[in-house]
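What's in structure.tsv: TSV, C-alpha atoms
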```
chain	number	residue	atom	x	y	z
A	1	MET	CA	47.74	14.05	-23.24
A	2	ALA	CA	49.90	11.03	-24.00
A	3	LEU	CA	48.37	7.60	-23.54
A	4	PRO	CA	50.07	4.99	-21.38
A	5	HIS	CA	51.90	2.54	-23.60
A	6	LEU	CA	49.54	-0.21	-22.46
A	7	ALA	CA	46.49	1.87	-23.40
A	8	LYS	CA	47.07	1.89	-27.15
A	9	ALA	CA	44.52	-0.87	-27.63
A	10	GLU	CA	41.38	-1.14	-25.53
A	11	ASP	CA	41.88	-4.88	-25.06
A	12	GLU	CA	45.37	-4.61	-23.51
A	13	HIS	CA	45.42	-5.17	-19.78
A	14	LEU	CA	47.18	-3.09	-17.18
A	15	PHE	CA	46.62	-5.96	-14.74
A	16	HIS	CA	44.81	-9.28	-14.87
A	17	CYS	CA	44.63	-12.38	-12.68
A	18	GLN	CA	42.42	-15.24	-11.62
A	19	PHE	CA	41.37	-16.35	-8.13
A	20	ASP	CA	40.69	-19.76	-6.62
A	21	ASN	CA	36.96	-18.95	-6.46
A	22	GLY	CA	36.79	-18.98	-10.29
A	23	LYS	CA	36.62	-15.21	-10.58
A	24	GLU	CA	39.09	-12.78	-12.13
A	25	VAL	CA	39.97	-9.11	-12.13
A	26	THR	CA	41.08	-6.98	-15.06
A	27	LEU	CA	42.36	-3.41	-15.08
A	28	ARG	CA	42.50	-1.59	-18.42
A	29	THR	CA	43.67	1.88	-19.20
A	30	PHE	CA	41.81	4.25	-21.47
A	31	GLU	CA	42.60	7.81	-22.47
A	32	ASP	CA	41.20	9.43	-19.32
A	33	GLY	CA	41.54	6.69	-16.72
A	34	VAL	CA	41.30	3.05	-15.73
A	35	SER	CA	38.53	0.45	-15.70
A	36	TYR	CA	38.09	-2.32	-13.12
A	37	VAL	CA	36.20	-5.48	-14.05
A	38	PHE	CA	35.59	-8.25	-11.51
A	39	GLY	CA	33.66	-11.50	-11.85
A	40	ARG	CA	33.52	-14.84	-13.58
A	41	PRO	CA	34.97	-15.06	-17.09
A	42	LYS	CA	32.53	-14.80	-20.02
A	43	THR	CA	29.66	-13.61	-17.83
A	44	LYS	CA	28.30	-10.22	-16.89
A	45	PRO	CA	30.79	-8.64	-14.42
A	46	GLU	CA	29.84	-8.55	-10.75
A	47	LEU	CA	31.52	-5.15	-10.53
A	48	PHE	CA	32.51	-2.80	-13.34
A	49	LEU	CA	34.02	0.58	-12.45
A	50	THR	CA	35.58	3.28	-14.57
A	51	ARG	CA	37.46	6.12	-12.95
A	52	THR	CA	39.42	9.02	-14.35
A	53	TYR	CA	43.03	9.37	-13.31
A	54	ASP	CA	42.13	12.06	-10.77
A	55	GLU	CA	39.67	9.62	-9.12
A	56	ILE	CA	42.15	6.80	-8.50
A	57	ALA	CA	45.19	6.61	-6.25
A	58	VAL	CA	48.47	4.94	-7.16
A	59	THR	CA	51.00	4.09	-4.47
A	60	PRO	CA	54.40	3.61	-6.08
A	61	TRP	CA	57.15	1.34	-4.82
A	62	ASN	CA	59.17	3.11	-2.12
A	63	GLY	CA	62.47	1.60	-3.28
A	64	VAL	CA	62.95	-0.57	-0.18
A	65	GLY	CA	62.76	-4.33	0.25
A	66	ARG	CA	63.12	-7.51	-1.71
A	67	SER	CA	59.95	-6.92	-3.67
A	68	ILE	CA	59.09	-4.26	-6.21
A	69	TRP	CA	55.42	-3.48	-5.67
A	70	GLU	CA	52.76	-0.87	-6.23
A	71	ASP	CA	49.04	-0.60	-5.79
A	72	LEU	CA	46.11	1.19	-7.37
A	73	GLU	CA	42.91	2.14	-5.52
A	74	PHE	CA	39.36	2.46	-6.77
A	75	GLN	CA	36.61	3.98	-4.61
A	76	ASN	CA	33.04	2.78	-4.92
A	77	ALA	CA	30.92	4.70	-2.43
A	78	ASP	CA	32.52	3.88	0.95
A	79	VAL	CA	34.38	0.78	-0.28
A	80	THR	CA	37.98	0.82	-1.49
A	81	TYR	CA	39.33	-1.78	-3.91
A	82	ARG	CA	43.13	-1.88	-3.69
A	83	ILE	CA	44.77	-3.90	-6.46
A	84	TRP	CA	48.44	-4.69	-6.05
A	85	GLY	CA	51.17	-6.11	-8.18
A	86	ASN	CA	54.41	-7.48	-6.75
A	87	PHE	CA	57.68	-8.68	-8.28
A	88	ASP	CA	60.09	-10.65	-6.07
A	89	ARG	CA	63.49	-9.49	-7.26
A	90	MET	CA	65.44	-11.71	-4.83
A	91	THR	CA	64.43	-15.08	-6.27
A	92	GLU	CA	65.64	-16.75	-9.44
A	93	ALA	CA	62.07	-17.15	-10.68
A	94	HIS	CA	61.26	-13.44	-10.11
A	95	GLU	CA	57.72	-14.45	-9.29
A	96	ILE	CA	55.00	-11.92	-10.02
A	97	THR	CA	52.07	-11.94	-7.61
A	98	GLY	CA	49.07	-9.73	-7.00
A	99	GLY	CA	45.63	-9.46	-5.56
A	100	ILE	CA	42.82	-7.31	-4.25
A	101	LEU	CA	42.22	-5.92	-0.78
A	102	VAL	CA	38.65	-4.71	-0.19
A	103	GLU	CA	38.17	-2.25	2.68
A	104	ARG	CA	35.51	-0.05	4.21
A	105	GLY	CA	37.37	2.55	6.21
A	106	GLU	CA	39.74	0.60	8.48
A	107	GLU	CA	37.69	-2.62	8.16
A	108	HIS	CA	39.09	-5.34	5.90
A	109	LEU	CA	36.17	-6.90	4.00
A	110	ALA	CA	38.09	-9.29	1.75
A	111	ARG	CA	41.57	-10.22	0.58
A	112	LEU	CA	41.94	-12.16	-2.66
A	113	GLU	CA	45.33	-13.52	-3.72
A	114	CYS	CA	45.89	-14.19	-7.41
A	115	LEU	CA	46.50	-17.79	-8.36
A	116	PRO	CA	50.18	-18.45	-9.12
A	117	GLY	CA	50.91	-18.21	-12.82
A	118	THR	CA	47.76	-16.23	-13.68
A	119	VAL	CA	49.06	-12.71	-13.07
A	120	THR	CA	49.56	-10.46	-16.08
A	121	TYR	CA	51.34	-7.40	-14.68
A	122	THR	CA	54.45	-5.45	-15.57
A	123	PRO	CA	56.28	-3.91	-12.60
A	124	PHE	CA	55.83	-0.12	-12.47
A	125	SER	CA	52.95	-0.20	-14.98
A	126	PHE	CA	50.50	1.48	-12.56
A	127	SER	CA	52.93	4.33	-11.97
A	128	ASP	CA	53.88	4.47	-15.66
A	129	ALA	CA	50.21	4.85	-16.65
A	130	TYR	CA	49.75	7.62	-14.09
A	131	GLU	CA	52.87	9.43	-15.34
A	132	ALA	CA	51.74	9.07	-18.96
A	133	ALA	CA	48.47	10.75	-17.93
A	134	GLY	CA	50.47	13.80	-16.83
A	135	TYR	CA	51.08	13.15	-13.13
A	136	CYS	CA	54.48	13.12	-11.45
A	137	TRP	CA	55.67	11.88	-8.08
A	138	ASN	CA	56.76	14.57	-5.64
A	139	PHE	CA	59.48	12.92	-3.56
A	140	ASP	CA	59.51	15.71	-0.97
A	141	ASP	CA	55.78	15.38	-0.20
A	142	SER	CA	55.45	11.66	-1.11
A	143	GLN	CA	52.42	12.29	-3.29
A	144	TRP	CA	51.37	12.59	-6.92
A	145	GLN	CA	50.81	16.01	-8.40
A	146	GLU	CA	49.48	17.31	-11.69
A	147	GLN	CA	51.80	20.28	-11.96
A	148	CYS	CA	55.12	18.75	-12.98
A	149	GLU	CA	58.24	20.82	-13.40
```
Spit out the file's structure as structure tokens when you get a sec.
Amino acid sequence: MALPHLAKAEDEHLFHCQFDNGKEVTLRTFEDGVSYVFGRPKTKPELFLTRTYDEIAVTPWNGVGRSIWEDLEFQNADVTYRIWGNFDRMTEAHEITGGILVERGEEHLARLECLPGTVTYTPFSFSDAYEAAGYCWNFDDSQWQEQCE
């Protein structure tokens, strides 16, 4: 299995940003999946999750709108952590934004917006990592599949 280009070194981030509450989130790829680390810098993480690629969900950009976006979901028991990255292609600055949406079923528990200028994210990197792990997007069914033709 080929590694995502961002996974060549363990310390390279797939996504990283800081929040106004002094906390930060980091996603890193590894050979079999992605890790999620949330908490204050240089302290023990409040939440550390590792999931294999078949345990996460990536929603790719649908090709519509002024923004190029995608999100990646982690499950932790009945709570979903949805991390998103967004690139505004219609502005001169091409601002990159992101954040986390925390949900339990249909209930929104928290929404954290990354502080401007703190987002480390490359558009399409969530989808690229998933594809490098052997998945492909089925446009007819609008879902990822492992059996690519």
To one decimal place in Å, what is the distance between atom CA of A:Leu27 and atom CA of A:Asp54?
16.1 Å
Pick the closest to A:Leu112 from A:Ala129, A:Phe30, A:Asn138, A:Phe38: which is it, counting only C-alpha atoms?
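Nearest candidate to A:Leu112 out of A:Ala129, A:Phe30, A:Asn138, A:Phe38: A:Phe38.
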Please provide as an NGL selection string all residues within 12 Å of A:Val34, with the sequence filter that same-chain residues fewer than 2 positions apart are discarded (counting all atoms listed in the file).
:A and (3-4 or 6-7 or 10 or 12-15 or 26-32 or 36-37 or 48-58 or 72-74 or 126 or 129-130 or 133)
Name the residues, using the chain letters and numbers of the file, that sit within 12 Å of (55.4, -6.3, -12.9) when counting all atoms listed in the file, and give them as a PyMOL selection string.
chain A and resi 14-16+61+67-71+84-89+94-98+119-128
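Atom CA of A:Gly105 lies 23.7 Å from atom CA of A:Gly33.
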What is the atom CA of A:Asp20-atom CA of A:Val79 distance in Å, reported with one decimal?
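Interatomic distance, atom CA of A:Asp20 to atom CA of A:Val79: 22.4 Å.
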Extract stretch 82-97 of chain A from the preceding block and save N, CA, C and O atoms as a compact mmCIF listing (two decimals), in the first residue's frame.
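So the final result, stored in decode.txt, reads:
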```txt
# COMPACT_ATOMS: atom_id res chain seq x y z
N ARG A 82 -15.92 15.94 13.38
CA ARG A 82 -15.82 16.25 11.95
C ARG A 82 -14.87 17.43 11.78
O ARG A 82 -15.16 18.54 12.20
N ILE A 83 -13.72 17.17 11.18
CA ILE A 83 -12.71 18.19 10.95
C ILE A 83 -12.83 18.62 9.50
O ILE A 83 -12.90 17.78 8.60
N TRP A 84 -12.88 19.94 9.27
CA TRP A 84 -13.00 20.39 7.89
C TRP A 84 -11.89 21.38 7.55
O TRP A 84 -11.37 22.08 8.41
N GLY A 85 -11.55 21.36 6.28
CA GLY A 85 -10.65 22.34 5.71
C GLY A 85 -11.37 23.02 4.56
O GLY A 85 -12.17 22.38 3.85
N ASN A 86 -11.09 24.29 4.36
CA ASN A 86 -11.81 25.08 3.37
C ASN A 86 -10.85 26.08 2.72
O ASN A 86 -10.04 26.71 3.41
N PHE A 87 -10.95 26.24 1.42
CA PHE A 87 -10.10 27.15 0.66
C PHE A 87 -11.02 28.03 -0.17
O PHE A 87 -11.75 27.53 -1.03
N ASP A 88 -11.02 29.33 0.11
CA ASP A 88 -11.89 30.26 -0.63
C ASP A 88 -11.19 30.65 -1.93
O ASP A 88 -10.27 31.45 -1.94
N ARG A 89 -11.65 30.08 -3.02
CA ARG A 89 -11.00 30.29 -4.31
C ARG A 89 -11.45 31.58 -4.99
O ARG A 89 -10.91 31.95 -6.03
N MET A 90 -12.41 32.29 -4.43
CA MET A 90 -12.95 33.50 -5.06
C MET A 90 -12.39 34.79 -4.46
O MET A 90 -12.83 35.86 -4.83
N THR A 91 -11.44 34.70 -3.55
CA THR A 91 -10.83 35.89 -3.00
C THR A 91 -9.37 35.95 -3.42
O THR A 91 -8.77 34.93 -3.74
N GLU A 92 -8.82 37.15 -3.42
CA GLU A 92 -7.40 37.29 -3.77
C GLU A 92 -6.50 36.63 -2.75
O GLU A 92 -5.45 36.09 -3.10
N ALA A 93 -6.89 36.63 -1.50
CA ALA A 93 -6.07 36.05 -0.44
C ALA A 93 -6.13 34.52 -0.43
O ALA A 93 -5.25 33.87 0.12
N HIS A 94 -7.16 33.94 -1.05
CA HIS A 94 -7.37 32.48 -1.03
C HIS A 94 -7.24 31.93 0.40
O HIS A 94 -6.49 31.01 0.66
N GLU A 95 -8.00 32.54 1.29
CA GLU A 95 -7.93 32.19 2.70
C GLU A 95 -8.26 30.72 2.93
O GLU A 95 -9.21 30.18 2.37
N ILE A 96 -7.46 30.10 3.77
CA ILE A 96 -7.70 28.72 4.19
C ILE A 96 -8.25 28.77 5.61
O ILE A 96 -7.68 29.41 6.48
N THR A 97 -9.38 28.12 5.81
CA THR A 97 -10.02 28.06 7.12
C THR A 97 -10.28 26.61 7.47
O THR A 97 -10.12 25.71 6.65
```
